[in-house]
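K.L.:
My file is query23.txt. It has compact mmCIF, C-alpha atoms and all ligand atoms:
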# COMPACT_ATOMS: atom_id res chain seq x y z
CA MET A 25 43.46 6.51 14.00
CA ASN A 26 44.67 9.74 12.41
CA ARG A 27 46.04 10.25 8.92
CA ARG A 28 49.74 10.21 9.98
CA ASP A 29 49.54 6.87 11.74
CA PHE A 30 47.63 5.50 8.82
CA ALA A 31 50.39 6.61 6.40
CA ALA A 32 53.06 5.05 8.68
CA LEU A 33 51.14 1.84 8.66
CA LEU A 34 51.05 1.78 4.88
CA ALA A 35 54.72 2.83 4.56
CA GLY A 36 55.89 0.20 7.03
CA GLY A 37 54.04 -2.40 5.07
CA LEU A 38 51.16 -4.26 6.50
CA ALA A 39 52.20 -5.88 9.73
CA SER A 40 49.36 -8.26 9.29
CA ALA A 41 45.95 -8.34 7.63
CA PRO A 42 44.03 -8.42 10.96
CA ALA A 43 45.84 -5.30 12.18
CA PHE A 44 45.09 -3.58 8.90
CA ALA A 45 41.45 -4.64 9.02
CA GLU A 46 41.21 -3.39 12.60
CA SER A 47 42.64 -0.03 11.55
CA LEU A 48 40.18 0.24 8.67
CA GLY A 49 37.38 -0.61 11.06
CA SER A 50 38.44 2.13 13.45
CA ILE A 51 38.57 4.62 10.56
CA ALA A 52 35.15 3.52 9.39
CA ARG A 53 33.78 3.81 12.94
CA ALA A 54 35.38 7.24 13.24
CA SER A 55 33.70 8.39 10.03
CA VAL A 56 30.38 6.93 11.14
CA ARG A 57 30.85 8.77 14.45
CA MET A 58 31.15 12.00 12.44
CA ALA A 59 27.62 11.57 11.04
CA PRO A 60 25.26 12.27 13.95
CA ARG A 61 22.16 10.11 14.02
CA VAL A 62 18.60 10.45 15.27
CA ASP A 63 16.96 8.08 17.72
CA GLY A 64 14.89 6.10 15.22
CA ALA A 65 13.00 4.12 17.85
CA ARG A 66 11.89 7.31 19.61
CA LEU A 67 10.91 8.91 16.29
CA ASN A 68 8.75 5.96 15.23
CA ARG A 69 7.24 5.74 18.71
CA HIS A 70 6.18 9.39 18.50
CA LEU A 71 4.64 8.72 15.09
CA THR A 72 2.59 5.88 16.57
CA GLU A 73 1.49 8.05 19.50
CA LEU A 74 0.51 10.89 17.14
CA SER A 75 -1.73 8.51 15.16
CA ARG A 76 -4.05 8.30 18.21
CA PHE A 77 -5.45 11.76 17.50
CA GLY A 78 -8.34 11.37 15.06
CA ALA A 79 -7.71 7.63 14.65
CA ASN A 80 -10.24 5.80 12.46
CA PRO A 81 -11.59 2.34 13.43
CA GLN A 82 -10.61 1.03 9.97
CA GLY A 83 -7.09 2.41 10.38
CA GLY A 84 -5.57 5.67 9.34
CA VAL A 85 -6.67 9.03 10.61
CA THR A 86 -9.16 11.82 10.10
CA ARG A 87 -7.47 14.85 11.67
CA LEU A 88 -9.06 17.71 9.76
CA ALA A 89 -7.55 21.15 10.15
CA TYR A 90 -9.29 23.14 12.90
CA SER A 91 -10.96 20.03 14.35
CA ASP A 92 -10.71 19.00 18.03
CA ALA A 93 -8.43 16.14 16.95
CA ASP A 94 -6.15 18.65 15.19
CA ARG A 95 -5.94 20.89 18.24
CA GLN A 96 -5.34 17.96 20.59
CA ALA A 97 -2.61 16.61 18.29
CA ARG A 98 -0.98 20.05 18.27
CA GLU A 99 -0.94 20.04 22.07
CA TYR A 100 0.77 16.63 21.99
CA VAL A 101 3.32 17.87 19.46
CA MET A 102 4.05 21.00 21.50
CA GLY A 103 4.71 18.69 24.45
CA LEU A 104 7.28 16.81 22.37
CA MET A 105 8.88 20.12 21.48
CA ARG A 106 9.23 21.01 25.15
CA ASP A 107 10.74 17.56 25.83
CA ALA A 108 13.25 18.47 23.11
CA ALA A 109 14.20 21.62 25.07
CA LEU A 110 12.38 23.78 22.52
CA THR A 111 9.83 26.51 23.31
CA PRO A 112 6.81 26.25 20.99
CA GLU A 113 4.95 29.40 20.01
CA ILE A 114 1.92 29.89 17.76
CA ASP A 115 2.21 32.65 15.16
CA ALA A 116 -0.71 34.83 14.08
CA ALA A 117 -1.42 32.41 11.20
CA GLY A 118 -1.81 29.50 13.63
CA ASN A 119 1.50 27.79 12.74
CA ILE A 120 3.60 26.31 15.55
CA PHE A 121 7.23 27.50 15.60
CA ALA A 122 9.86 26.24 18.06
CA ALA A 123 13.18 28.07 17.86
CA ARG A 124 16.69 27.17 18.96
CA PRO A 125 19.30 29.95 18.93
CA GLY A 126 22.45 29.52 16.84
CA ARG A 127 26.03 30.54 17.56
CA ASP A 128 25.94 33.42 15.06
CA ARG A 129 23.09 35.85 15.71
CA SER A 130 23.72 37.60 12.40
CA ARG A 131 22.58 34.52 10.49
CA LYS A 132 19.03 33.97 9.26
CA PRO A 133 17.13 30.94 10.62
CA ILE A 134 16.95 27.54 8.95
CA LEU A 135 13.35 26.30 9.01
CA PHE A 136 12.41 22.63 8.87
CA GLY A 137 9.15 20.80 9.54
CA SER A 138 5.87 19.78 7.92
CA HIS A 139 2.15 19.46 8.84
CA ILE A 140 0.00 17.16 10.98
CA ASP A 141 -3.49 17.85 9.64
CA SER A 142 -4.92 15.14 7.38
CA VAL A 143 -7.46 14.57 4.64
CA PRO A 144 -10.68 12.77 5.60
CA GLU A 145 -9.85 9.06 6.21
CA GLY A 146 -6.20 9.72 5.46
CA GLY A 147 -3.03 7.95 6.50
CA ASN A 148 -0.68 8.21 9.48
CA TYR A 149 2.42 9.33 7.58
CA ASP A 150 1.53 12.26 5.26
CA GLY A 151 3.04 15.28 6.98
CA ASN A 152 3.45 13.43 10.27
CA VAL A 153 6.78 11.86 9.24
CA GLY A 154 8.36 15.24 8.48
CA SER A 155 6.89 16.86 11.57
CA MET A 156 8.04 14.19 14.00
CA ALA A 157 11.42 13.92 12.26
CA ALA A 158 12.03 17.66 12.58
CA ILE A 159 11.41 17.54 16.33
CA GLU A 160 13.59 14.40 16.59
CA VAL A 161 16.45 16.09 14.70
CA ALA A 162 16.28 19.11 17.01
CA GLN A 163 16.19 16.87 20.07
CA SER A 164 19.11 14.72 18.86
CA LEU A 165 21.22 17.77 18.01
CA GLY A 166 20.62 19.10 21.52
CA GLU A 167 21.39 15.79 23.17
CA GLN A 168 24.62 15.45 21.15
CA GLY A 169 25.67 18.97 22.08
CA ILE A 170 25.65 20.20 18.47
CA VAL A 171 24.98 23.95 18.29
CA THR A 172 24.51 25.23 14.75
CA ARG A 173 25.72 28.61 13.46
CA HIS A 174 22.24 29.48 12.21
CA PRO A 175 19.23 29.74 14.49
CA LEU A 176 16.93 26.74 13.91
CA GLN A 177 13.14 26.87 13.72
CA VAL A 178 11.05 23.71 13.78
CA VAL A 179 7.67 24.45 12.20
CA ILE A 180 4.34 22.63 12.15
CA TRP A 181 2.19 24.26 9.46
CA GLN A 182 -1.55 24.64 9.93
CA ASN A 183 -4.07 23.39 7.35
CA GLU A 184 -1.69 22.10 4.72
CA GLU A 185 -4.36 19.77 3.28
CA GLY A 186 -6.87 22.52 2.73
CA GLY A 187 -4.39 24.47 0.63
CA LEU A 188 -1.13 25.37 2.39
CA TYR A 189 -2.99 28.02 4.39
CA GLY A 190 -0.39 28.32 7.17
CA SER A 191 2.71 28.38 4.99
CA ARG A 192 1.08 30.64 2.39
CA ALA A 193 0.26 33.12 5.17
CA VAL A 194 3.96 33.22 6.02
CA SER A 195 5.06 33.55 2.38
CA GLY A 196 2.50 36.31 1.80
CA GLN A 197 0.43 34.39 -0.76
CA LEU A 198 -2.75 34.07 1.36
CA THR A 199 -5.41 36.57 0.34
CA ALA A 200 -7.95 38.23 2.64
CA GLU A 201 -10.80 36.71 0.58
CA GLU A 202 -9.50 33.22 1.27
CA LEU A 203 -10.00 33.74 5.00
CA GLN A 204 -13.72 33.32 4.34
CA ASN A 205 -13.27 29.96 2.60
CA VAL A 206 -15.01 27.21 4.55
CA SER A 207 -12.64 24.43 5.64
CA ARG A 208 -13.53 20.74 5.82
CA SER A 209 -14.10 21.10 9.57
CA GLY A 210 -16.93 23.56 8.80
CA LYS A 211 -15.07 26.56 10.22
CA THR A 212 -13.99 29.42 8.01
CA ILE A 213 -10.22 29.76 7.65
CA ALA A 214 -10.32 32.87 9.85
CA ASP A 215 -12.28 31.09 12.60
CA GLY A 216 -10.01 28.07 12.23
CA ILE A 217 -6.89 30.16 12.71
CA ALA A 218 -8.37 31.65 15.87
CA PHE A 219 -9.42 28.15 17.02
CA LEU A 220 -5.76 27.10 16.84
CA GLY A 221 -4.55 30.12 18.79
CA GLY A 222 -3.66 32.41 15.89
CA ASP A 223 -5.05 35.89 15.20
CA PRO A 224 -6.50 36.41 11.70
CA GLN A 225 -6.58 40.17 12.33
CA ARG A 226 -2.77 40.20 12.65
CA LEU A 227 -1.78 37.89 9.80
CA ALA A 228 0.75 40.43 8.58
CA SER A 229 2.84 39.76 11.70
CA ALA A 230 3.32 36.15 10.55
CA ARG A 231 4.60 37.25 7.15
CA ARG A 232 8.26 36.61 6.21
CA ALA A 233 9.93 38.35 3.30
CA LYS A 234 12.20 36.76 0.69
CA GLY A 235 15.61 36.48 2.30
CA ASP A 236 14.27 36.22 5.86
CA ILE A 237 15.28 32.57 6.07
CA ALA A 238 18.57 30.81 5.33
CA GLY A 239 16.68 27.84 3.92
CA TYR A 240 13.80 25.41 4.37
CA LEU A 241 13.97 21.63 4.51
CA GLU A 242 11.06 19.21 4.59
CA LEU A 243 11.04 15.43 4.93
CA HIS A 244 7.88 13.82 3.54
CA ILE A 245 6.59 10.49 2.30
CA GLU A 246 6.65 10.21 -1.49
CA GLN A 247 2.89 9.51 -1.71
CA GLY A 248 3.64 7.79 -5.02
CA GLY A 249 5.14 4.39 -5.77
CA THR A 250 8.44 5.17 -7.52
CA LEU A 251 10.89 4.75 -4.62
CA ASP A 252 9.18 1.65 -3.26
CA ARG A 253 8.88 0.00 -6.68
CA ASP A 254 12.52 0.69 -7.60
CA HIS A 255 13.89 0.01 -4.09
CA VAL A 256 15.41 3.47 -3.75
CA ASP A 257 16.01 4.76 -0.21
CA ILE A 258 15.70 8.54 -0.65
CA GLY A 259 13.91 10.84 -3.11
CA ILE A 260 15.46 14.24 -3.78
CA VAL A 261 12.65 16.51 -4.97
CA GLU A 262 13.51 18.55 -8.09
CA GLY A 263 10.24 20.52 -8.03
CA ILE A 264 6.71 20.57 -6.64
CA VAL A 265 3.70 20.77 -8.91
CA GLY A 266 1.47 23.78 -9.11
CA ILE A 267 -2.10 23.18 -8.02
CA LYS A 268 -5.22 25.15 -8.90
CA GLN A 269 -8.63 24.34 -7.44
CA TRP A 270 -12.07 25.72 -8.34
CA GLU A 271 -15.58 25.26 -7.00
CA VAL A 272 -17.81 24.56 -10.01
CA THR A 273 -21.55 25.28 -9.86
CA VAL A 274 -23.82 23.78 -12.53
CA THR A 275 -27.22 25.47 -12.64
CA GLY A 276 -30.19 23.72 -14.26
CA PHE A 277 -33.84 23.57 -13.26
CA ALA A 278 -35.29 21.31 -10.60
CA ASN A 279 -38.46 19.60 -11.79
CA HIS A 280 -40.68 16.56 -11.37
CA ALA A 281 -38.82 13.38 -12.34
CA GLY A 282 -42.04 11.70 -13.47
CA THR A 283 -43.89 14.33 -15.43
CA THR A 284 -41.00 16.18 -17.14
CA PRO A 285 -40.29 14.73 -20.62
CA MET A 286 -36.62 13.86 -21.27
CA ASP A 287 -36.24 16.54 -23.97
CA GLU A 288 -37.58 19.30 -21.70
CA ARG A 289 -35.16 18.86 -18.82
CA HIS A 290 -32.39 21.12 -17.55
CA ASP A 291 -30.65 18.35 -15.67
CA ALA A 292 -27.68 19.76 -13.73
CA LEU A 293 -26.36 16.30 -12.81
CA LEU A 294 -26.39 15.10 -16.42
CA ALA A 295 -24.38 18.19 -17.33
CA ALA A 296 -22.01 17.57 -14.43
CA ALA A 297 -21.49 13.96 -15.49
CA ARG A 298 -20.49 15.10 -18.98
CA PHE A 299 -18.22 17.70 -17.35
CA VAL A 300 -16.34 15.04 -15.37
CA ASP A 301 -15.76 13.08 -18.58
CA ALA A 302 -14.65 16.24 -20.38
CA VAL A 303 -12.08 16.98 -17.64
CA ASN A 304 -10.59 13.50 -17.98
CA LYS A 305 -10.53 13.63 -21.81
CA THR A 306 -8.94 17.10 -21.86
CA VAL A 307 -6.20 16.30 -19.33
CA THR A 308 -5.29 13.00 -21.02
CA SER A 309 -5.37 14.48 -24.53
CA ILE A 310 -1.80 15.90 -24.33
CA PRO A 311 1.51 14.25 -23.35
CA GLY A 312 2.96 14.97 -19.91
CA ARG A 313 2.44 14.31 -16.17
CA GLN A 314 -0.43 16.75 -15.69
CA VAL A 315 -3.40 15.51 -13.66
CA GLY A 316 -7.00 16.67 -13.30
CA THR A 317 -9.57 15.58 -10.74
CA VAL A 318 -13.20 16.21 -9.82
CA GLY A 319 -12.91 15.20 -6.19
CA ARG A 320 -16.24 16.21 -4.71
CA MET A 321 -19.79 16.53 -6.09
CA GLN A 322 -23.18 17.34 -4.53
CA ALA A 323 -26.51 17.34 -6.36
CA PHE A 324 -29.43 19.40 -5.09
CA PRO A 325 -32.10 18.94 -3.90
CA GLY A 326 -30.86 15.34 -3.84
CA ALA A 327 -34.17 13.48 -4.00
CA PRO A 328 -34.67 10.42 -6.26
CA ASN A 329 -37.85 11.87 -7.76
CA VAL A 330 -36.53 15.38 -8.48
CA ILE A 331 -34.42 16.34 -11.51
CA PRO A 332 -31.29 17.95 -9.98
CA GLY A 333 -31.52 21.70 -10.42
CA GLU A 334 -28.01 22.38 -9.14
CA VAL A 335 -24.71 20.58 -8.76
CA VAL A 336 -21.71 21.89 -6.83
CA CYS A 337 -18.42 20.10 -7.51
CA THR A 338 -14.68 20.77 -7.49
CA LEU A 339 -12.06 20.88 -10.22
CA GLU A 340 -8.35 20.45 -9.47
CA LEU A 341 -5.51 20.69 -12.01
CA ARG A 342 -1.82 20.05 -11.29
CA ASP A 343 1.41 20.32 -13.26
CA LEU A 344 4.98 21.53 -12.85
CA ASP A 345 4.17 24.17 -15.51
CA ALA A 346 1.69 26.89 -14.45
CA ALA A 347 1.04 27.83 -18.11
CA LYS A 348 -0.10 24.29 -18.86
CA ILE A 349 -2.57 24.42 -15.95
CA ASP A 350 -4.01 27.64 -17.35
CA SER A 351 -4.37 26.27 -20.90
CA LEU A 352 -6.03 23.08 -19.61
CA TYR A 353 -8.44 25.21 -17.59
CA ALA A 354 -9.30 27.31 -20.65
CA SER A 355 -10.09 24.16 -22.67
CA ILE A 356 -12.21 22.69 -19.88
CA ALA A 357 -14.15 25.93 -19.37
CA ALA A 358 -14.89 26.08 -23.13
CA LYS A 359 -16.16 22.49 -23.07
CA ALA A 360 -18.31 23.32 -20.04
CA THR A 361 -19.98 26.10 -22.01
CA ARG A 362 -20.76 23.68 -24.83
CA ILE A 363 -22.14 21.09 -22.37
CA GLY A 364 -24.30 23.83 -20.89
CA GLY A 365 -25.65 24.65 -24.32
CA ASP A 366 -26.50 21.01 -24.99
CA THR A 367 -28.23 20.48 -21.63
CA GLY A 368 -29.83 23.87 -20.98
CA THR A 369 -27.60 24.50 -17.99
CA THR A 370 -24.90 27.02 -17.05
CA PHE A 371 -21.45 26.54 -15.45
CA SER A 372 -19.70 28.96 -13.09
CA PHE A 373 -16.14 28.54 -11.69
CA ARG A 374 -15.04 30.06 -8.36
CA PRO A 375 -11.26 29.87 -7.71
CA LEU A 376 -10.58 28.20 -4.34
CA HIS A 377 -6.83 28.38 -4.03
CA GLU A 378 -3.59 28.17 -5.96
CA ASN A 379 -0.19 26.72 -5.11
CA VAL A 380 2.38 27.94 -7.61
CA PRO A 381 4.85 25.36 -8.97
CA ALA A 382 8.12 25.47 -7.03
CA PRO A 383 11.53 24.21 -8.13
CA SER A 384 13.79 23.18 -5.26
CA ASP A 385 17.16 24.90 -4.92
CA PRO A 386 19.85 22.88 -6.76
CA ARG A 387 22.39 23.76 -4.07
CA VAL A 388 20.12 22.28 -1.41
CA ARG A 389 19.52 19.21 -3.57
CA SER A 390 23.26 18.55 -3.63
CA LEU A 391 23.48 18.91 0.16
CA ILE A 392 20.72 16.31 0.50
CA ALA A 393 22.53 14.03 -1.96
CA ASP A 394 25.79 14.37 0.05
CA ALA A 395 24.00 13.58 3.31
CA ALA A 396 22.39 10.47 1.79
CA ARG A 397 25.67 9.34 0.25
CA GLU A 398 27.47 9.64 3.59
CA LEU A 399 24.84 7.32 5.04
CA GLY A 400 25.27 4.85 2.18
CA LEU A 401 21.71 5.42 0.94
CA SER A 402 20.56 5.26 -2.68
CA THR A 403 18.84 8.36 -4.09
CA ARG A 404 16.59 9.38 -6.99
CA VAL A 405 15.93 12.97 -8.15
CA MET A 406 12.21 13.24 -8.84
CA PRO A 407 9.24 15.65 -9.07
CA SER A 408 6.53 15.85 -6.45
CA GLY A 409 3.00 15.25 -7.76
CA ALA A 410 1.75 16.19 -4.31
CA GLY A 411 1.64 19.75 -3.05
CA HIS A 412 3.64 20.71 0.02
CA ASP A 413 4.30 23.64 2.34
CA ALA A 414 7.80 23.61 0.90
CA GLN A 415 6.45 25.22 -2.26
CA ALA A 416 5.32 28.23 -0.26
CA MET A 417 8.69 28.37 1.48
CA ALA A 418 10.43 28.33 -1.91
CA MET A 419 9.02 31.84 -2.36
CA ILE A 420 11.18 33.20 0.48
CA GLY A 421 14.34 31.08 0.56
CA PRO A 422 16.32 28.10 -0.75
CA MET A 423 14.10 25.01 -0.40
CA GLY A 424 14.82 21.29 -0.37
CA MET A 425 12.57 18.26 0.07
CA ILE A 426 13.49 14.70 1.02
CA PHE A 427 11.18 11.77 0.22
CA VAL A 428 11.03 8.34 1.78
CA PRO A 429 9.20 5.43 0.15
CA SER A 430 5.42 4.95 0.43
CA VAL A 431 4.66 1.23 0.36
CA GLY A 432 2.70 0.49 -2.81
CA GLY A 433 2.51 4.24 -3.46
CA ILE A 434 -0.65 4.46 -1.36
CA SER A 435 -1.44 7.80 0.31
CA HIS A 436 -4.42 9.90 1.42
CA ALA A 437 -5.91 6.56 2.50
CA PRO A 438 -5.91 4.38 5.65
CA LYS A 439 -3.48 1.91 4.05
CA GLU A 440 -0.80 4.63 3.70
CA LEU A 441 2.43 3.12 5.08
CA SER A 442 6.14 3.92 5.30
CA ARG A 443 8.58 1.54 6.96
CA PRO A 444 10.22 2.58 10.27
CA ALA A 445 13.73 2.00 8.86
CA ASP A 446 12.99 4.22 5.86
CA ILE A 447 11.59 6.91 8.16
CA THR A 448 14.75 6.75 10.29
CA ASN A 449 16.88 7.00 7.12
CA GLY A 450 14.91 10.06 6.05
CA ALA A 451 15.37 11.74 9.43
CA ASN A 452 19.13 11.07 9.34
CA VAL A 453 19.31 12.59 5.84
CA LEU A 454 17.31 15.58 7.09
CA MET A 455 19.82 16.00 9.93
CA GLY A 456 22.79 15.66 7.57
CA ALA A 457 21.35 18.12 5.06
CA LEU A 458 20.53 20.59 7.83
CA LEU A 459 24.10 20.49 9.19
CA ARG A 460 25.49 20.95 5.68
CA LEU A 461 23.14 23.85 5.02
CA ASP A 462 24.30 25.33 8.33
CA GLU A 463 27.91 24.93 7.26
CA VAL A 464 27.59 26.51 3.80
CA GLY A 465 24.78 28.88 4.87
CA TRP A 466 24.08 31.38 2.17
CA ALA A 467 22.23 33.75 4.45
O1 LIG B 501 -2.94 17.38 -1.92
C1 LIG B 501 -1.72 17.26 -1.82
O2 LIG B 501 -1.05 17.11 -2.81
C2 LIG B 501 -1.04 17.30 -0.48
O3 LIG B 501 -0.99 16.01 0.05
N1 LIG B 501 -1.72 18.19 0.41
MN MN B 502 1.53 16.36 3.04
MN MN B 503 -1.65 15.33 1.84
What's the structure tokens form of this structure?
Ligand code: HGY
Ligand code: MN
Ligand code: MN

P.N.:
Amino acid sequence: MNRRDFAALLAGGLASAPAFAESLGSIARASVRMAPRVDGARLNRHLTELSRFGANPQGGVTRLAYSDADRQAREYVMGLMRDAALTPEIDAAGNIFAARPGRDRSRKPILFGSHIDSVPEGGNYDGNVGSMAAIEVAQSLGEQGIVTRHPLQVVIWQNEEGGLYGSRAVSGQLTAEELQNVSRSGKTIADGIAFLGGDPQRLASARRAKGDIAGYLELHIEQGGTLDRDHVDIGIVEGIVGIKQWEVTVTGFANHAGTTPMDERHDALLAAARFVDAVNKTVTSIPGRQVGTVGRMQAFPGAPNVIPGEVVCTLELRDLDAAKIDSLYASIAAKATRIGGDTGTTFSFRPLHENVPAPSDPRVRSLIADAARELGLSTRVMPSGAGHDAQAMAMIGPMGMIFVPSVGGISHAPKELSRPADITNGANVLMGALLRLDEVGWA
């Protein structure tokens, strides 16, 4: 029913309540018809199928970047892209891009997507939800005959979990030294990129400059418990934490565990144990949401009857404020020196990688809020304690992130779970935000 008829109905008085209710219903249906929707059943089916690649017997997935499971999963995803009438291509950095032309060739592309690599013994939703949803949105737009003004590019980033390697190559933040970092699959980053079909010698061709994109949108699971606990449908990310990681080497002196008196030892593992405690005490000594973690530790030579002569571990610090990360690091390094003095050991720190903190674009946040409101979904503006490829994209264009609830806040673990209805909601919000971004397009 159009506006004029509706006004006549009101002016002529209500013929009868049922007629009026019917008219309201038709208006409501008309407005619902205006909000295109994804095929939620197909989206959740694709998520289930994707979980086969690198599946763990205890549940969840180990799909390490540059592993066979990663490459096989990428093949599956590229097949879905072709089913969605997209043409997947692999850029020199090993990222998968699938483009759809827009009506206005002068416009810059809108990018949207996520990653499908996982942590060891991770969950089936981290990255996968945003990746499958992006393909589903592109497929649904095509099926509903919706052609956007801007070109669209669905992207599946490579090696997000190792440190945003694929997206940082595109944003120009990846350094040549980092290509020699060894990934969890055992391959160097350079070999891993080649394994996925990229070309580490031509990384510059994957680079995009600030202004090369009209915007970037990413749907992701919250990986925390706020939305689930407070029964909120959609998280609108205000900013993504900065992350700095170091490899820490503690050097002592390997010796006989039986004949070396306690006061003559240079025990690298004792020093490392005090270091872990010092990290925790330093990070919790000031107010705020900063976090610090020693996530991995190896003692050498690793025999019960040998005093460890060396320990290699990791240090990771996160906060929305880069300056706070740096001051925490300075305090921890000073404490490490004192621990070394007390134990006759030395500490060295080798930077592994850095993700700079990234605020989302307030204009994109309001588009996401409008899309959620139109769908009758509740929203919460919130920070992201997890790192995401979106923070690399924020370096080159307006960025927005959409969260859906993680049940119990569990993530990076086999019990990671998001409900199918929430995932479908998130994909519909992604679609709505994308169409709004296309409408207002700033570039
Ligand atoms: O580690 C992170 O925060 C992200 O899940 N890669
Ligand atoms: Mn992720
Ligand atoms: Mn993750």

K.L.:
Nearest to ligand LIG 501 (chain B): which of A:Ala117, A:Ile237, A:Leu188, A:Ala162 is it, counting all atoms listed in the file?

P.N.:
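Counting all atoms listed in the file, the residue closest to ligand LIG 501 (chain B) is A:Leu188.
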
K.L.:
How would you report the residues lying within 10 Å of ligand MN 503 (chain B), as a ChimeraX atom specification, if you count only C-alpha atoms and all ligand atoms?

P.N.:
/A:139-143,146-147,149-151,184-187,244-245,247,410-412,435-437

K.L.:
Let me make sure I understand: among A:Gly409, A:Gly137, A:Pro60, A:Gly235, which one has the smallest atom-to-atom distance to Glu167 in chain A if we use all atoms listed in the file?

P.N.:
A:Pro60

K.L.:
Contacts of range 92-94 of chain A at 6 Å or less, counting all atoms listed in the file, minus same-chain residues fewer than 3 places along, as a count of residues only?

P.N.:
5

K.L.:
Quick one: of A:Ala346, A:Ile134, A:Ala295, A:Leu203, who's nearest to Arg173 in chain A, counting all atoms listed in the file?

P.N.:
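Looking at the shortest contact to Arg173 in chain A, the residue is A:Ile134.
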
K.L.:
Provide the CA of Ala59 in chain A to CA of Leu459 in chain A distance in Å, to one decimal place.

P.N.:
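Between CA of Ala59 in chain A and CA of Leu459 in chain A the gap works out to 9.8 Å.
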
K.L.:
Measuring atom to atom with all atoms listed in the file, identify which of A:Gly249, A:Gly266, A:Pro133, A:Gly222 is nearest to ligand LIG 501 (chain B).

P.N.:
A:Gly266

K.L.:
Please identify all polymer residues within 6 Å of Ala214 in chain A, counting all atoms listed in the file, omitting same-chain residues fewer than 2 positions from it, and present them as a list in words.

P.N.:
Leu203, Thr212, Gly216, Ile217 and Pro224 of chain A

K.L.:
Specify the axis-aligned box that encloses all atoms of range 139-154 of chain A listed in the file after padding of 5 Å on each side, stating its centre and edge lengths in Å to one decimal as AutoDock Vina command-line options.

P.N.:
--center_x -1.2 --center_y 13.7 --center_z 7.8 --size_x 29.0 --size_y 21.5 --size_z 16.3

K.L.:
How would you write as a list in words the residues that get within 8 Å of (13.7, 1.9, 12.9) in the file's frame, counting only C-alpha atoms?

P.N.:
Gly64, Ala65, Asn68, Arg443, Pro444, Ala445, Asp446, Ile447 and Thr448 of chain A

K.L.:
Compare A:Thr283, A:Arg98, A:Gly263, A:Gln269 by their minimum atom-to-atom distance to Asp385 in chain A, counting only C-alpha atoms, and give me the closest one.

P.N.:
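Counting only C-alpha atoms, the residue closest to Asp385 in chain A is A:Gly263.
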
K.L.:
Would you mind telling me which residue in A:Ala158, A:Ala79, A:Ile331, A:Leu458 lies nearest to Pro285 in chain A when using all atoms listed in the file?

P.N.:
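Closest candidate: A:Ile331.
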
K.L.:
Excluding Gln314 in chain A and any residue of its chain fewer than 5 positions from it, enumerate the residues within 7 Å of it, using only C-alpha atoms, and give them as a list in words.

P.N.:
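Residues meeting the cut-off are Val307, Arg342 and Asp343 of chain A.
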
K.L.:
In Å to one decimal, how far is CA of Val428 in chain A from CA of Ala122 in chain A?

P.N.:
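Going from CA of Ala122 in chain A over to CA of Val428 in chain A covers 24.2 Å.
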